[in-house]
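Enquirer: If you scroll down you'll find the structure; I have some questions about it.
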Amino acid sequence: MPKWFQSKVLAKKVWTEGLFTLSIDGTGVEPFEPGQFLHLAVFPDGIDADADDDTREKQRVNRPYSVASPYGESLEFFIIRVDDGELTPHLWKLEPGDDIEVSQKAAGRFTLEKTPDAENLWLIATGTGLAPYIAMLRTEEPWQRYKKIVVVHGVRHANDLAYTDELQAIENVRLGAFRFVQALTRETADGTLNGRIPALVESGELESAADCRMTKEDSSVMLCGNPAMLDSMEEILGKRSMTRHRSKSPGQIVLERYW
(Lines give C-alpha, C1' and ligand atoms only; values in the text may rest on other atoms or scores of the structure.)
Protein backbone atom coordinates (compact mmCIF):
# COMPACT_ATOMS: atom_id res chain seq x y z
CA MET A 1 0.00 0.00 0.00
CA PRO A 2 1.18 3.59 -0.59
CA LYS A 3 2.81 5.61 2.15
CA TRP A 4 0.48 8.54 2.69
CA PHE A 5 1.06 12.26 3.21
CA GLN A 6 -1.63 14.41 4.80
CA SER A 7 -2.13 17.31 2.42
CA LYS A 8 -4.53 20.16 1.82
CA VAL A 9 -6.33 21.52 -1.20
CA LEU A 10 -4.75 24.82 -2.26
CA ALA A 11 -6.99 25.72 -5.20
CA LYS A 12 -9.80 24.39 -7.34
CA LYS A 13 -10.54 25.33 -10.95
CA VAL A 14 -13.83 24.21 -12.47
CA TRP A 15 -13.69 23.91 -16.25
CA THR A 16 -17.32 22.82 -16.57
CA GLU A 17 -19.78 20.90 -14.43
CA GLY A 18 -17.95 17.82 -13.14
CA LEU A 19 -14.61 18.62 -14.81
CA PHE A 20 -12.05 20.28 -12.58
CA THR A 21 -8.43 20.69 -11.53
CA LEU A 22 -7.39 20.37 -7.90
CA SER A 23 -4.13 21.93 -6.74
CA ILE A 24 -2.83 20.43 -3.51
CA ASP A 25 0.13 20.90 -1.19
CA GLY A 26 2.89 18.61 -2.47
CA THR A 27 5.63 19.39 0.04
CA GLY A 28 5.54 15.85 1.45
CA VAL A 29 5.81 14.12 -1.95
CA GLU A 30 9.10 12.69 -3.19
CA PRO A 31 10.53 14.00 -6.50
CA PHE A 32 9.02 12.41 -9.61
CA GLU A 33 9.10 12.64 -13.40
CA PRO A 34 6.34 14.37 -15.42
CA GLY A 35 3.94 11.69 -16.63
CA GLN A 36 4.03 9.64 -13.45
CA PHE A 37 1.03 9.23 -11.17
CA LEU A 38 0.22 9.63 -7.50
CA HIS A 39 -2.67 8.28 -5.46
CA LEU A 40 -5.24 10.67 -3.99
CA ALA A 41 -7.37 9.57 -1.06
CA VAL A 42 -10.18 10.70 1.22
CA PHE A 43 -12.10 9.25 4.14
CA PRO A 44 -15.76 9.62 3.07
CA ASP A 45 -17.05 8.72 6.55
CA GLY A 46 -14.38 10.66 8.44
CA ILE A 47 -11.26 9.44 10.21
CA ASP A 48 -11.44 7.31 13.33
CA ALA A 49 -8.52 8.58 15.38
CA ASP A 50 -8.43 5.37 17.43
CA ALA A 51 -8.52 3.00 14.46
CA ASP A 52 -5.53 0.75 13.72
CA ASP A 53 -3.71 0.89 10.39
CA ASP A 54 -5.69 -1.96 8.83
CA THR A 55 -9.01 -0.33 9.72
CA ARG A 56 -7.88 3.05 8.43
CA GLU A 57 -6.80 1.44 5.17
CA LYS A 58 -10.27 -0.07 4.72
CA GLN A 59 -11.87 3.33 5.40
CA ARG A 60 -9.62 5.15 2.94
CA VAL A 61 -10.87 5.50 -0.65
CA ASN A 62 -8.08 6.12 -3.15
CA ARG A 63 -7.28 6.13 -6.85
CA PRO A 64 -4.21 6.87 -8.98
CA TYR A 65 -4.07 10.10 -11.01
CA SER A 66 -1.43 11.37 -13.38
CA VAL A 67 -0.06 14.67 -12.11
CA ALA A 68 -0.85 17.63 -14.37
CA SER A 69 2.20 19.58 -13.18
CA PRO A 70 5.90 18.95 -12.64
CA TYR A 71 7.24 18.14 -9.20
CA GLY A 72 6.87 21.14 -6.91
CA GLU A 73 5.28 22.53 -3.78
CA SER A 74 1.89 22.68 -5.52
CA LEU A 75 0.65 19.70 -7.55
CA GLU A 76 -2.26 19.71 -10.02
CA PHE A 77 -4.69 16.89 -10.80
CA PHE A 78 -7.09 17.06 -13.76
CA ILE A 79 -10.21 15.11 -12.77
CA ILE A 80 -13.64 14.26 -14.14
CA ARG A 81 -16.43 13.43 -11.70
CA VAL A 82 -17.99 10.01 -12.17
CA ASP A 83 -21.36 10.31 -10.49
CA ASP A 84 -21.48 6.70 -9.32
CA GLY A 85 -17.75 6.53 -8.58
CA GLU A 86 -16.34 5.81 -5.14
CA LEU A 87 -13.90 8.74 -5.06
CA THR A 88 -14.52 11.47 -7.64
CA PRO A 89 -17.83 12.72 -6.16
CA HIS A 90 -15.94 13.33 -2.89
CA LEU A 91 -13.06 15.06 -4.70
CA TRP A 92 -15.57 17.27 -6.52
CA LYS A 93 -16.89 18.53 -3.18
CA LEU A 94 -13.46 19.57 -1.91
CA GLU A 95 -12.61 23.24 -1.62
CA PRO A 96 -9.40 25.14 -0.73
CA GLY A 97 -8.38 24.36 2.84
CA ASP A 98 -9.95 20.89 2.90
CA ASP A 99 -7.87 17.86 3.82
CA ILE A 100 -6.78 15.26 1.28
CA GLU A 101 -4.22 12.48 1.34
CA VAL A 102 -1.63 11.88 -1.36
CA SER A 103 0.87 9.08 -1.78
CA GLN A 104 4.41 10.16 -1.03
CA LYS A 105 5.99 8.27 -3.92
CA ALA A 106 4.96 8.44 -7.57
CA ALA A 107 4.96 5.52 -9.99
CA GLY A 108 4.52 4.84 -13.69
CA ARG A 109 6.59 4.59 -16.86
CA PHE A 110 4.66 7.04 -19.06
CA THR A 111 7.51 9.55 -19.14
CA LEU A 112 9.74 11.27 -21.66
CA GLU A 113 12.62 9.20 -20.34
CA LYS A 114 10.84 6.12 -21.73
CA THR A 115 10.02 7.85 -25.03
CA PRO A 116 12.42 7.61 -27.98
CA ASP A 117 14.03 10.61 -29.62
CA ALA A 118 12.59 11.79 -32.94
CA GLU A 119 12.10 14.93 -34.97
CA ASN A 120 8.42 15.19 -33.98
CA LEU A 121 6.72 14.36 -30.68
CA TRP A 122 2.97 13.69 -30.83
CA LEU A 123 1.12 13.93 -27.50
CA ILE A 124 -2.34 12.48 -28.13
CA ALA A 125 -5.04 12.35 -25.46
CA THR A 126 -8.73 11.97 -24.83
CA GLY A 127 -10.44 13.60 -21.84
CA THR A 128 -8.36 13.93 -18.70
CA GLY A 129 -5.58 11.97 -20.41
CA LEU A 130 -4.24 15.44 -21.23
CA ALA A 131 -2.88 15.74 -17.67
CA PRO A 132 0.59 14.18 -18.08
CA TYR A 133 1.26 16.26 -21.20
CA ILE A 134 0.59 19.51 -19.36
CA ALA A 135 3.19 18.45 -16.80
CA MET A 136 5.72 17.61 -19.52
CA LEU A 137 5.20 20.85 -21.45
CA ARG A 138 5.95 22.90 -18.33
CA THR A 139 9.51 21.55 -18.31
CA GLU A 140 12.41 22.16 -20.68
CA GLU A 141 13.08 18.52 -21.61
CA PRO A 142 10.64 18.15 -24.53
CA TRP A 143 11.75 21.42 -26.10
CA GLN A 144 15.38 20.36 -25.92
CA ARG A 145 14.79 16.92 -27.45
CA TYR A 146 12.20 17.45 -30.19
CA LYS A 147 12.08 19.86 -33.11
CA LYS A 148 8.28 19.99 -33.15
CA ILE A 149 5.66 19.00 -30.56
CA VAL A 150 1.99 18.44 -31.34
CA VAL A 151 -0.71 18.10 -28.68
CA VAL A 152 -3.99 16.49 -29.76
CA HIS A 153 -6.92 16.62 -27.34
CA GLY A 154 -10.16 14.81 -28.15
CA VAL A 155 -13.39 15.31 -26.17
CA ARG A 156 -17.13 15.12 -26.77
CA HIS A 157 -18.19 18.75 -26.34
CA ALA A 158 -16.43 22.10 -26.49
CA ASN A 159 -17.17 22.63 -22.79
CA ASP A 160 -15.02 19.57 -22.07
CA LEU A 161 -11.89 21.26 -23.39
CA ALA A 162 -9.38 22.45 -20.79
CA TYR A 163 -6.01 24.19 -20.56
CA THR A 164 -6.78 25.90 -23.89
CA ASP A 165 -5.39 29.29 -22.85
CA GLU A 166 -2.16 27.72 -21.63
CA LEU A 167 -1.72 25.70 -24.82
CA GLN A 168 -2.48 28.75 -26.96
CA ALA A 169 0.12 30.75 -25.04
CA ILE A 170 2.72 28.05 -25.68
CA GLU A 171 1.89 28.08 -29.39
CA ASN A 172 2.31 31.86 -29.47
CA VAL A 173 5.74 31.63 -27.83
CA ARG A 174 7.03 28.47 -29.53
CA LEU A 175 6.31 29.61 -33.07
CA GLY A 176 6.78 26.75 -35.52
CA ALA A 177 7.83 24.35 -32.75
CA PHE A 178 4.42 23.67 -31.22
CA ARG A 179 0.88 23.06 -32.42
CA PHE A 180 -2.19 21.95 -30.56
CA VAL A 181 -5.26 20.45 -32.17
CA GLN A 182 -8.62 20.00 -30.46
CA ALA A 183 -11.23 17.56 -31.73
CA LEU A 184 -14.92 17.19 -30.81
CA THR A 185 -17.09 14.13 -31.40
CA ARG A 186 -20.58 15.33 -30.41
CA GLU A 187 -20.67 18.84 -31.88
CA THR A 188 -18.79 21.30 -34.06
CA ALA A 189 -17.03 24.48 -33.01
CA ASP A 190 -14.76 27.03 -34.64
CA GLY A 191 -11.08 26.13 -34.44
CA THR A 192 -11.66 22.43 -33.74
CA LEU A 193 -11.80 19.30 -35.82
CA ASN A 194 -14.89 17.10 -35.80
CA GLY A 195 -14.52 13.36 -35.28
CA ARG A 196 -12.68 10.73 -33.31
CA ILE A 197 -8.92 10.93 -33.29
CA PRO A 198 -8.26 7.61 -35.10
CA ALA A 199 -10.63 8.61 -37.92
CA LEU A 200 -8.92 11.99 -38.21
CA VAL A 201 -5.57 10.26 -38.56
CA GLU A 202 -6.86 7.90 -41.24
CA SER A 203 -8.42 10.75 -43.23
CA GLY A 204 -5.25 12.86 -43.06
CA GLU A 205 -7.12 15.75 -41.39
CA LEU A 206 -5.10 15.59 -38.20
CA GLU A 207 -1.67 15.80 -39.81
CA SER A 208 -2.93 18.55 -42.10
CA ALA A 209 -4.23 20.60 -39.17
CA ALA A 210 -0.99 20.10 -37.26
CA ASP A 211 1.18 20.71 -40.31
CA CYS A 212 3.24 17.74 -39.19
CA ARG A 213 3.82 14.16 -40.34
CA MET A 214 3.35 11.08 -38.19
CA THR A 215 5.66 8.42 -39.62
CA LYS A 216 8.13 5.82 -38.43
CA GLU A 217 11.03 7.87 -39.76
CA ASP A 218 10.29 11.15 -38.01
CA SER A 219 7.90 10.74 -35.07
CA SER A 220 7.43 9.44 -31.56
CA VAL A 221 3.81 9.12 -30.46
CA MET A 222 2.52 9.15 -26.89
CA LEU A 223 -1.07 8.00 -26.38
CA CYS A 224 -3.10 8.53 -23.20
CA GLY A 225 -6.79 8.11 -22.49
CA ASN A 226 -9.70 6.00 -23.65
CA PRO A 227 -8.59 2.38 -24.22
CA ALA A 228 -10.64 2.24 -27.43
CA MET A 229 -8.68 5.20 -28.81
CA LEU A 230 -5.40 3.57 -27.82
CA ASP A 231 -6.27 0.27 -29.47
CA SER A 232 -7.46 1.95 -32.68
CA MET A 233 -4.44 4.22 -32.86
CA GLU A 234 -2.01 1.38 -32.29
CA GLU A 235 -3.68 -0.54 -35.13
CA ILE A 236 -3.60 2.45 -37.48
CA LEU A 237 0.01 3.28 -36.68
CA GLY A 238 0.89 -0.38 -37.11
CA LYS A 239 -0.13 -0.03 -40.75
CA ARG A 240 2.58 2.64 -40.95
CA SER A 241 5.11 0.14 -39.52
CA MET A 242 5.10 1.97 -36.18
CA THR A 243 5.32 -0.25 -33.11
CA ARG A 244 5.15 0.04 -29.35
CA HIS A 245 8.44 1.16 -27.84
CA ARG A 246 10.13 -1.27 -25.46
CA SER A 247 13.63 -1.32 -24.04
CA LYS A 248 14.54 -4.54 -25.86
CA SER A 249 12.61 -3.74 -29.04
CA PRO A 250 12.68 -0.01 -29.82
CA GLY A 251 9.63 1.47 -31.49
CA GLN A 252 7.74 4.74 -31.83
CA ILE A 253 4.63 4.36 -29.62
CA VAL A 254 4.34 4.87 -25.84
CA LEU A 255 0.92 4.52 -24.27
CA GLU A 256 -0.98 4.87 -20.99
CA ARG A 257 -4.42 3.36 -20.42
CA TYR A 258 -6.16 6.01 -18.37
CA TRP A 259 -9.02 3.93 -17.00
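Each chain of the C-alpha coordinates is named A, B, ... in the order shown, its residues numbered from 1; ligands are numbered from 1 in display order.
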Taking the backbone alone, and naming residues the way the document does, which bits of region 24-132 of chain A are strand (DSSP E) by DSSP, as number ranges by chain?
Expert: A: 24-25, 37-42, 61-66, 74-80, 99-103, 120-126
Enquirer: Would you please give, as a PyMOL selection string, all residues of region 15-256 of chain A that DSSP assigns to alpha helix (DSSP H) based on the backbone?
Expert: chain A and resi 53-59+88-93+131-137+141-145+164-173+197-203+205-210+227-238
Enquirer: Skip region 191-206 of chain A itself and residues of its chain fewer than 5 positions away, then list as a count of residues only all residues within 12 Å of it, counting only C-alpha atoms.
Expert: 47
Enquirer: What's the 12 Å shell around Asp45 (chain A), counting only C-alpha atoms, without same-chain residues fewer than 5 positions away, as a count of residues only?
Expert: 6
Enquirer: Report the closest atom pair, with its distance in Å rounded to one decimal, for each residue of region 155-244 of chain A that has an atom no farther than 6 Å from region 113-119 of chain A; count only C-alpha atoms, sort by chain and then rising residue number, and write it as JSON lines.
Expert:
```
{"residue": "A:Asp218", "atom": "CA", "partner": "A:Glu119", "partner_atom": "CA", "distance": 5.2}
{"residue": "A:Ser219", "atom": "CA", "partner": "A:Ala118", "partner_atom": "CA", "distance": 5.3}
{"residue": "A:Ser220", "atom": "CA", "partner": "A:Ala118", "partner_atom": "CA", "distance": 5.8}
```
Enquirer: Please list as an MDAnalysis selection string every residue within 8 Å of Tyr65 (chain A), counting only C-alpha atoms and excluding residues in the same chain fewer than 3 positions away.
Expert: chainID A and resid 37:40 77
Enquirer: What does the distance between CA of Arg63 (chain A) and CA of Met222 (chain A) come to in Å, to one decimal place?
Expert: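 Computing the Euclidean distance for CA of Arg63 (chain A) and CA of Met222 (chain A) yields 22.5 Å.
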Enquirer: Given only C-alpha atoms as the basis, pick out the residue of A:Ile149, A:Lys93, A:Lys248, A:Ser23 nearest to Leu167 (chain A).
Expert: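 For Leu167 (chain A), the nearest of the candidates is A:Ile149.
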Enquirer: Between A:Trp15, A:Trp4, A:Tyr71, A:Phe78, single out the one closest to Gly129 (chain A), counting only C-alpha atoms.
Expert: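 The shortest atom-to-atom distance to Gly129 (chain A) comes from A:Phe78.
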Enquirer: Set the distance at 8 Å and use only C-alpha atoms: which residues neighbour Gln6 (chain A) once local chain neighbours fewer than 5 positions away are removed? I'd like the list as a ChimeraX atom specification.
Expert: /A:99-102
Enquirer: Rounded to one decimal in Å, what is the spacing between CA of Thr16 (chain A) and CA of Pro34 (chain A)?
Expert: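 If I compute the distance from CA of Thr16 (chain A) to CA of Pro34 (chain A), I get 25.1 Å.
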Enquirer: Taking only C-alpha atoms into account, name the residue in A:Pro142, A:Gly176, A:Gly238, A:Gly26 that is nearest to Leu75 (chain A).
Expert: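 Of the candidates, the smallest distance to Leu75 (chain A) is held by A:Gly26.
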Enquirer: Which residues are near Asp98 (chain A)? Cut-off 10 Å, only C-alpha atoms, ignore same chain within fewer than 4 positions. Put them as a list in words.
Expert: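 Contacts, with the query itself left out: Ser7, Lys8, Val9, Leu10, Ala11, Ile24, Lys93 and Leu94 of chain A.
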Enquirer: Could the residues in this selection be written to a file with N, CA and C atoms, as a PDB file, in the first residue's frame?
Expert:
```pdb
ATOM      1  N   SER A   7      -2.261  16.073   3.186  1.00  0.00           N
ATOM      2  CA  SER A   7      -2.128  17.310   2.421  1.00  0.00           C
ATOM      3  C   SER A   7      -3.394  18.153   2.549  1.00  0.00           C
ATOM      4  N   LYS A   8      -3.371  19.286   1.871  1.00  0.00           N
ATOM      5  CA  LYS A   8      -4.534  20.165   1.821  1.00  0.00           C
ATOM      6  C   LYS A   8      -4.757  20.665   0.402  1.00  0.00           C
ATOM      7  N   VAL A   9      -5.998  20.924   0.081  1.00  0.00           N
ATOM      8  CA  VAL A   9      -6.334  21.523  -1.201  1.00  0.00           C
ATOM      9  C   VAL A   9      -5.949  22.994  -1.173  1.00  0.00           C
ATOM     10  N   LEU A  10      -5.174  23.422  -2.168  1.00  0.00           N
ATOM     11  CA  LEU A  10      -4.753  24.822  -2.258  1.00  0.00           C
ATOM     12  C   LEU A  10      -5.657  25.642  -3.170  1.00  0.00           C
ATOM     13  N   ALA A  11      -6.143  25.002  -4.237  1.00  0.00           N
ATOM     14  CA  ALA A  11      -6.987  25.718  -5.195  1.00  0.00           C
ATOM     15  C   ALA A  11      -7.833  24.720  -5.973  1.00  0.00           C
ATOM     16  N   ILE A  24      -3.002  20.802  -4.907  1.00  0.00           N
ATOM     17  CA  ILE A  24      -2.825  20.426  -3.509  1.00  0.00           C
ATOM     18  C   ILE A  24      -1.388  20.688  -3.066  1.00  0.00           C
ATOM     19  N   LYS A  93     -16.368  17.705  -4.267  1.00  0.00           N
ATOM     20  CA  LYS A  93     -16.893  18.527  -3.179  1.00  0.00           C
ATOM     21  C   LYS A  93     -15.806  19.296  -2.428  1.00  0.00           C
ATOM     22  N   LEU A  94     -14.547  18.923  -2.654  1.00  0.00           N
ATOM     23  CA  LEU A  94     -13.463  19.565  -1.911  1.00  0.00           C
ATOM     24  C   LEU A  94     -13.284  21.019  -2.338  1.00  0.00           C
TER      25      LEU A  94
END
```
Enquirer: Considering only C-alpha atoms, state which residue in the set A:Glu95, A:Glu76, A:Asp160, A:Asp190 is at the smallest distance from Ile134 (chain A).
Expert: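 Going through A:Glu95, A:Glu76, A:Asp160, A:Asp190 one by one, the smallest distance to Ile134 (chain A) is for A:Glu76.
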Enquirer: When distances are computed from only C-alpha atoms, which of A:Val82, A:Ala162, A:Ile253, A:Leu112 shows the smallest separation from Glu140 (chain A)?
Expert: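 With only C-alpha atoms as the atom set, the closest residue is A:Leu112.
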Enquirer: Find the residue from A:Val42, A:Leu19, A:Ala189, A:Ala131 that sits nearest to Arg81 (chain A); use only C-alpha atoms when measuring.
Expert: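 Looking only at the distances to Arg81 (chain A), the closest residue turns out to be A:Leu19.
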